[in-house]
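S.K.: My structure is stored as model.txt, with compact mmCIF, C-alpha atoms.
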```txt
# COMPACT_ATOMS: atom_id res chain seq x y z
CA MET V 26 -70.39 -34.03 54.90
CA THR V 27 -67.87 -36.21 53.24
CA SER V 28 -70.27 -39.11 53.38
CA LYS V 29 -73.03 -37.13 51.74
CA TYR V 30 -70.69 -35.97 49.00
CA THR V 31 -69.59 -39.54 48.37
CA VAL V 32 -73.16 -40.75 48.13
CA TYR V 33 -74.07 -37.88 45.86
CA THR V 34 -71.12 -38.58 43.62
CA SER V 35 -71.90 -42.26 43.43
CA THR V 36 -75.53 -41.57 42.67
CA LEU V 37 -74.59 -39.13 39.91
CA ALA V 38 -72.14 -41.62 38.45
CA LEU V 39 -74.74 -44.35 38.43
CA PHE V 40 -77.25 -42.03 36.81
CA LEU V 41 -74.81 -41.01 34.13
CA SER V 42 -73.86 -44.62 33.50
CA ALA V 43 -77.48 -45.63 33.24
CA SER V 44 -78.15 -42.77 30.88
CA ALA V 45 -75.16 -43.66 28.82
CA VAL V 46 -76.24 -47.28 28.68
CA ALA V 47 -79.80 -46.29 27.85
CA GLU V 48 -78.67 -43.97 25.11
CA GLU V 49 -75.97 -46.30 23.82
CA VAL V 50 -78.27 -49.18 22.97
CA PRO V 51 -80.54 -47.42 20.53
CA VAL V 52 -77.57 -45.65 19.03
CA ILE V 53 -75.84 -48.97 18.44
CA GLU V 54 -79.03 -50.53 17.13
CA LEU V 55 -79.71 -47.58 14.90
CA GLY V 56 -76.13 -47.60 13.82
CA VAL V 57 -76.31 -51.26 12.92
CA ASP V 58 -79.60 -50.84 11.08
CA SER V 59 -78.39 -47.73 9.35
CA GLY V 60 -75.13 -49.39 8.53
CA GLN V 61 -76.85 -52.44 7.15
CA SER V 62 -79.25 -50.30 5.16
CA SER V 63 -76.45 -48.13 3.93
CA SER V 64 -74.34 -51.16 3.15
CA GLN V 65 -77.19 -52.81 1.36
CA THR V 66 -77.94 -49.66 -0.58
CA ALA V 67 -74.29 -49.07 -1.38
CA THR V 68 -73.90 -52.66 -2.48
CA TYR V 69 -77.19 -52.93 -4.37
CA THR V 70 -76.94 -49.70 -6.32
CA PRO V 71 -73.61 -50.49 -8.00
CA GLN V 72 -74.82 -53.98 -8.77
CA THR V 73 -77.86 -52.56 -10.52
CA SER V 74 -75.72 -50.05 -12.47
CA SER V 75 -73.14 -52.65 -13.47
CA GLY V 76 -75.83 -55.05 -14.58
CA SER V 77 -77.46 -52.42 -16.78
CA GLU V 78 -74.15 -51.46 -18.33
CA LEU V 79 -73.36 -55.11 -19.01
CA VAL V 80 -76.70 -55.59 -20.74
CA LEU V 81 -76.07 -52.52 -22.91
CA ILE V 82 -72.59 -53.75 -23.84
CA VAL V 83 -73.95 -57.16 -24.80
CA GLN V 84 -76.66 -55.54 -26.93
CA GLN V 85 -74.09 -53.33 -28.67
CA LEU V 86 -71.88 -56.32 -29.39
CA GLN V 87 -74.84 -58.25 -30.78
CA ASP V 88 -75.72 -55.31 -33.04
CA GLU V 89 -72.12 -55.10 -34.28
CA VAL V 90 -72.03 -58.83 -34.96
CA ARG V 91 -75.28 -58.61 -36.94
CA SER V 92 -73.90 -55.65 -38.90
CA LEU V 93 -70.65 -57.47 -39.68
CA ARG V 94 -72.57 -60.60 -40.67
CA GLY V 95 -74.64 -58.52 -43.08
CA GLN V 96 -71.51 -56.95 -44.58
CA LEU V 97 -69.92 -60.38 -45.01
CA GLU V 98 -73.02 -61.67 -46.75
CA GLN V 99 -72.99 -58.68 -49.10
CA GLN V 100 -69.29 -59.16 -49.85
CA ASP V 101 -69.81 -62.86 -50.42
CA TYR V 102 -72.66 -62.15 -52.84
CA ARG V 103 -70.59 -59.53 -54.63
CA LEU V 104 -67.62 -61.88 -54.91
CA LYS V 105 -69.75 -64.68 -56.34
CA GLN V 106 -71.32 -62.22 -58.77
CA MET V 107 -67.88 -61.03 -59.92
CA GLU V 108 -66.67 -64.62 -60.32
CA ARG V 109 -69.75 -65.44 -62.39
CA GLN V 110 -69.31 -62.36 -64.54
CA GLN V 111 -65.61 -63.08 -65.03
CA LEU V 112 -66.42 -66.64 -66.07
CA ASP V 113 -69.07 -65.34 -68.49
CA ARG V 114 -66.59 -62.89 -69.98
CA TYR V 115 -63.98 -65.58 -70.42
CA ARG V 116 -66.51 -67.87 -72.07
CA ASP V 117 -67.61 -65.01 -74.30
CA LEU V 118 -64.02 -64.29 -75.30
CA ASP V 119 -63.34 -67.97 -75.84
CA ARG V 120 -66.47 -68.26 -77.98
CA ARG V 121 -65.47 -65.26 -80.07
CA ILE V 122 -61.98 -66.62 -80.62
CA SER V 123 -63.17 -70.14 -81.40
CA SER V 124 -65.82 -68.92 -83.84
CA ILE V 125 -63.28 -67.16 -86.02
CA PRO V 126 -62.33 -69.49 -88.91
CA THR V 127 -58.71 -70.11 -89.78
CA THR V 128 -58.92 -71.28 -93.38
CA SER V 129 -62.11 -70.06 -95.01
CA ALA V 130 -64.70 -67.33 -94.64
CA PRO V 131 -68.18 -68.54 -93.68
CA SER V 132 -71.12 -66.83 -95.31
CA THR V 133 -73.11 -65.76 -92.21
CA PRO V 134 -73.11 -62.09 -91.22
CA VAL V 135 -71.60 -62.78 -87.82
CA SER V 136 -68.71 -64.74 -89.27
CA THR V 137 -68.08 -61.97 -91.78
CA ASP V 138 -67.73 -59.58 -88.84
CA LEU V 139 -65.36 -61.90 -87.08
CA ASN V 140 -63.40 -62.46 -90.24
CA ASN V 141 -62.93 -58.75 -90.43
CA ALA V 142 -61.43 -59.00 -86.97
CA GLU V 143 -59.11 -61.84 -88.02
CA PRO V 144 -58.58 -61.77 -91.80
CA THR V 145 -57.23 -64.78 -93.68
CA SER V 146 -55.86 -65.09 -97.20
CA THR V 147 -59.32 -66.04 -98.49
CA VAL V 148 -60.94 -63.02 -96.83
CA THR V 149 -58.27 -60.75 -98.19
CA GLN V 150 -59.15 -61.88 -101.72
CA SER V 151 -62.90 -61.40 -101.21
CA GLN V 152 -62.46 -58.11 -99.34
CA PRO V 153 -59.43 -56.40 -100.89
CA GLU V 154 -60.15 -53.17 -99.03
CA LEU V 155 -58.56 -54.69 -95.91
CA VAL V 156 -55.13 -54.10 -97.45
CA GLN V 157 -55.19 -50.72 -99.11
CA SER V 158 -52.44 -48.67 -100.61
CA ASP V 159 -51.94 -46.79 -97.33
CA ALA V 160 -51.14 -50.04 -95.54
CA ALA V 161 -48.25 -52.24 -96.54
CA PRO V 162 -48.74 -56.03 -96.86
CA SER V 163 -46.94 -56.35 -93.53
CA ASP V 164 -50.04 -54.76 -92.00
CA ALA V 165 -52.06 -57.92 -92.62
CA LYS V 166 -49.19 -60.13 -91.52
CA ALA V 167 -48.68 -58.20 -88.28
CA TYR V 168 -52.38 -58.36 -87.50
CA ARG V 169 -52.56 -62.10 -88.12
CA GLU V 170 -49.56 -62.69 -85.92
CA ALA V 171 -51.06 -60.62 -83.11
CA PHE V 172 -54.38 -62.39 -83.37
CA GLY V 173 -52.62 -65.74 -83.50
CA LEU V 174 -51.37 -65.03 -79.99
CA VAL V 175 -54.97 -64.44 -78.92
CA ARG V 176 -55.92 -67.83 -80.35
CA GLU V 177 -53.13 -69.37 -78.33
CA ARG V 178 -54.45 -67.61 -75.21
CA ASN V 179 -51.07 -65.94 -74.83
CA PHE V 180 -52.67 -62.71 -73.71
CA PRO V 181 -49.56 -60.83 -72.45
CA LYS V 182 -47.79 -61.33 -75.78
CA ALA V 183 -50.98 -60.55 -77.68
CA ALA V 184 -51.29 -57.24 -75.81
CA GLU V 185 -47.72 -56.36 -76.76
CA ALA V 186 -48.34 -57.30 -80.40
CA PHE V 187 -51.55 -55.28 -80.71
CA THR V 188 -49.92 -52.30 -78.99
CA ALA V 189 -47.09 -52.44 -81.50
CA PHE V 190 -49.57 -52.81 -84.36
CA ILE V 191 -51.46 -49.67 -83.30
CA LYS V 192 -48.20 -47.74 -83.12
CA ASP V 193 -46.82 -49.04 -86.41
CA TYR V 194 -50.01 -48.90 -88.50
CA PRO V 195 -52.10 -45.91 -87.36
CA GLN V 196 -53.86 -45.71 -90.75
CA SER V 197 -54.69 -49.40 -91.02
CA GLU V 198 -58.24 -50.53 -91.78
CA ARG V 199 -57.74 -53.03 -89.00
CA LEU V 200 -57.03 -50.35 -86.41
CA ALA V 201 -60.50 -50.53 -84.82
CA ASN V 202 -60.21 -54.30 -84.55
CA ALA V 203 -56.75 -53.97 -83.04
CA TYR V 204 -58.04 -51.58 -80.38
CA TYR V 205 -60.97 -53.88 -79.66
CA TRP V 206 -58.89 -57.02 -79.20
CA LEU V 207 -56.32 -55.12 -77.17
CA GLY V 208 -59.18 -54.22 -74.86
CA GLU V 209 -60.31 -57.85 -74.74
CA VAL V 210 -56.90 -59.21 -73.77
CA ASN V 211 -56.41 -56.51 -71.15
CA LEU V 212 -59.81 -57.33 -69.69
CA ALA V 213 -58.88 -61.01 -69.62
CA GLU V 214 -55.64 -60.04 -67.86
CA GLN V 215 -57.59 -58.19 -65.14
CA LYS V 216 -56.42 -54.75 -66.32
CA PRO V 217 -59.72 -52.86 -66.51
CA GLU V 218 -58.21 -49.38 -66.84
CA LEU V 219 -56.14 -50.37 -69.89
CA ALA V 220 -59.14 -52.20 -71.30
CA ARG V 221 -61.25 -49.08 -70.83
CA GLU V 222 -58.80 -46.98 -72.82
CA SER V 223 -58.83 -49.41 -75.74
CA PHE V 224 -62.60 -49.87 -75.89
CA MET V 225 -63.08 -46.11 -75.61
CA GLN V 226 -60.98 -45.64 -78.75
CA VAL V 227 -63.35 -47.90 -80.67
CA VAL V 228 -66.50 -46.18 -79.39
CA THR V 229 -65.28 -42.60 -79.91
CA ARG V 230 -63.17 -42.92 -83.07
CA PHE V 231 -64.99 -45.74 -84.85
CA ALA V 232 -68.60 -45.31 -83.75
CA ASP V 233 -69.92 -46.79 -87.02
CA HIS V 234 -67.60 -49.77 -87.00
CA ARG V 235 -69.09 -53.21 -86.52
CA LYS V 236 -67.04 -53.59 -83.34
CA ALA V 237 -68.46 -50.43 -81.76
CA PRO V 238 -71.50 -52.17 -80.15
CA ASP V 239 -69.28 -54.84 -78.61
CA ALA V 240 -66.82 -52.19 -77.40
CA ALA V 241 -69.65 -50.18 -75.81
CA TYR V 242 -70.92 -53.32 -74.07
CA LYS V 243 -67.42 -54.04 -72.78
CA LEU V 244 -67.18 -50.48 -71.46
CA GLY V 245 -70.30 -51.18 -69.43
CA ILE V 246 -68.54 -54.18 -67.91
CA VAL V 247 -65.28 -52.32 -67.31
CA TYR V 248 -66.95 -49.39 -65.57
CA ASP V 249 -68.84 -51.84 -63.38
CA GLN V 250 -65.51 -53.37 -62.37
CA LEU V 251 -64.12 -49.92 -61.65
CA GLY V 252 -67.08 -49.20 -59.38
CA ASP V 253 -68.72 -46.54 -61.56
CA SER V 254 -72.27 -47.88 -61.86
CA ALA V 255 -73.55 -44.70 -63.52
CA LYS V 256 -71.05 -44.95 -66.37
CA SER V 257 -71.67 -48.68 -66.64
CA THR V 258 -75.38 -48.10 -67.11
CA GLU V 259 -74.69 -45.28 -69.56
CA TYR V 260 -72.75 -47.51 -71.95
CA LEU V 261 -75.07 -50.47 -71.57
CA ASP V 262 -77.96 -48.17 -72.49
CA LEU V 263 -75.88 -46.87 -75.40
CA VAL V 264 -75.69 -50.38 -76.80
CA ILE V 265 -79.44 -50.85 -76.45
CA THR V 266 -80.46 -47.50 -77.95
CA LYS V 267 -77.79 -46.85 -80.58
CA TYR V 268 -77.17 -50.41 -81.76
CA PRO V 269 -80.55 -52.14 -81.31
CA ASP V 270 -79.87 -54.68 -84.06
CA SER V 271 -76.50 -55.81 -82.74
CA SER V 272 -75.88 -59.07 -80.93
CA ALA V 273 -74.47 -57.08 -78.01
CA VAL V 274 -77.96 -55.83 -77.07
CA ARG V 275 -78.97 -59.14 -75.46
CA LEU V 276 -75.71 -59.22 -73.50
CA ALA V 277 -76.17 -55.64 -72.32
CA GLU V 278 -79.74 -56.28 -71.18
CA GLU V 279 -78.71 -59.43 -69.34
CA PHE V 280 -75.82 -57.66 -67.62
CA LYS V 281 -78.12 -54.86 -66.48
CA ARG V 282 -80.42 -57.40 -64.86
CA LEU V 283 -77.50 -58.78 -62.88
CA GLN V 284 -76.39 -55.40 -61.59
```
Just give me the structure as structure tokens.
M.R.:
Amino acid sequence: MTSKYTVYTSTLALFLSASAVAEEVPVIELGVDSGQSSSQTATYTPQTSSGSELVLIVQQLQDEVRSLRGQLEQQDYRLKQMERQQLDRYRDLDRRISSIPTTSAPSTPVSTDLNNAEPTSTVTQSQPELVQSDAAPSDAKAYREAFGLVRERNFPKAAEAFTAFIKDYPQSERLANAYYWLGEVNLAEQKPELARESFMQVVTRFADHRKAPDAAYKLGIVYDQLGDSAKSTEYLDLVITKYPDSSAVRLAEEFKRLQ
């Protein structure tokens, strides 16, 4: 009996071992295949995702670089345009100052206008209205001294002198000219807001004065500097429509083309 039980037990053990071995192999093989497949899938999927994200990041950076390059090109163009305009304004101011005679009054209409801006003793004799009874002789002297500083390109002192002139001689026939040249020196000194105030006085209070077209043209420039393109265009158009025979028309039209 014991012998039979031992044989039976041994047979059962061998059967179970064989079954275990038979079942273990495919499980191991399947496990390896599944593990490899899973490993490959787990490894491949993140690689694909990371690669896509990297491509998107690179594309975004390229777009930002192109955008920044475009902005730099615009700023560079704007800077060169401002430098050119500033140089043109300085040349225009220098031309106006240089064209004003110091000893005699030329006979051309333009020089008569400029002489009115900077009167001399000869002009005072030919145009006695420049020194009227409501303005003391010191009015002419103060104006000549102020404008002399403009000739010397001493713009800070010229601004002080014209400011004092406007305060001391509010009834002077030269008041419009004083406001105009105060605007010019402030513009030359890169003070567009102060220049705007002075030119505005000429345009609003002395609309029929010979300096009004030039002041309106300068307002177009000043507003362009201040970033108000609508106002700039408004005053440039004012020069063209209201003062069509003035020399400022050509300058206004040229400035509009550059805007």
S.K.: Go ahead and compute the interatomic distance for CA of Ala220 (chain V) and CA of Ala241 (chain V), in Å to one decimal.
M.R.: 11.6 Å
S.K.: Give me the residues near region 171-184 of chain V as a VMD selection string, where near means some atom within 6 Å (using only C-alpha atoms) and where sequence neighbours in that chain fewer than 3 positions away do not count.
M.R.: chain V and resid 168 187 207 210
S.K.: For each of V:Gln250, V:Arg275, V:Pro238, V:Asp270, take the minimum atom-to-atom distance to Leu104 (chain V), counting only C-alpha atoms, then give the residue where this is smallest.
M.R.: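 Among the listed residues, V:Gln250 lies closest to Leu104 (chain V).
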S.K.: Extract, using all atoms listed in the file, all DNA, RNA and protein residues at most 12 Å from Arg230 (chain V), discarding same-chain residues fewer than 6 positions from it, and format them as a ChimeraX atom specification.
M.R.: /V:200-202,204-205,222-224,236-237,240
S.K.: What does the structure give for the distance between CA of Ser197 (chain V) and CA of Asp164 (chain V), in Å to one decimal?
M.R.: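 CA of Ser197 (chain V) sits 7.2 Å away from CA of Asp164 (chain V).
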S.K.: Work out how far CA of Ala232 (chain V) is from CA of Lys267 (chain V), in Å to one decimal.
M.R.: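 Going from CA of Lys267 (chain V) over to CA of Ala232 (chain V) covers 9.8 Å.
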S.K.: Near Tyr248 (chain V), counting all atoms listed in the file, which residues have an atom at most 9 Å away, once you skip same-chain residues fewer than 4 positions from it, shown as a PyMOL selection string?
M.R.: chain V and resi 217-218+221+243-244+252-258+260
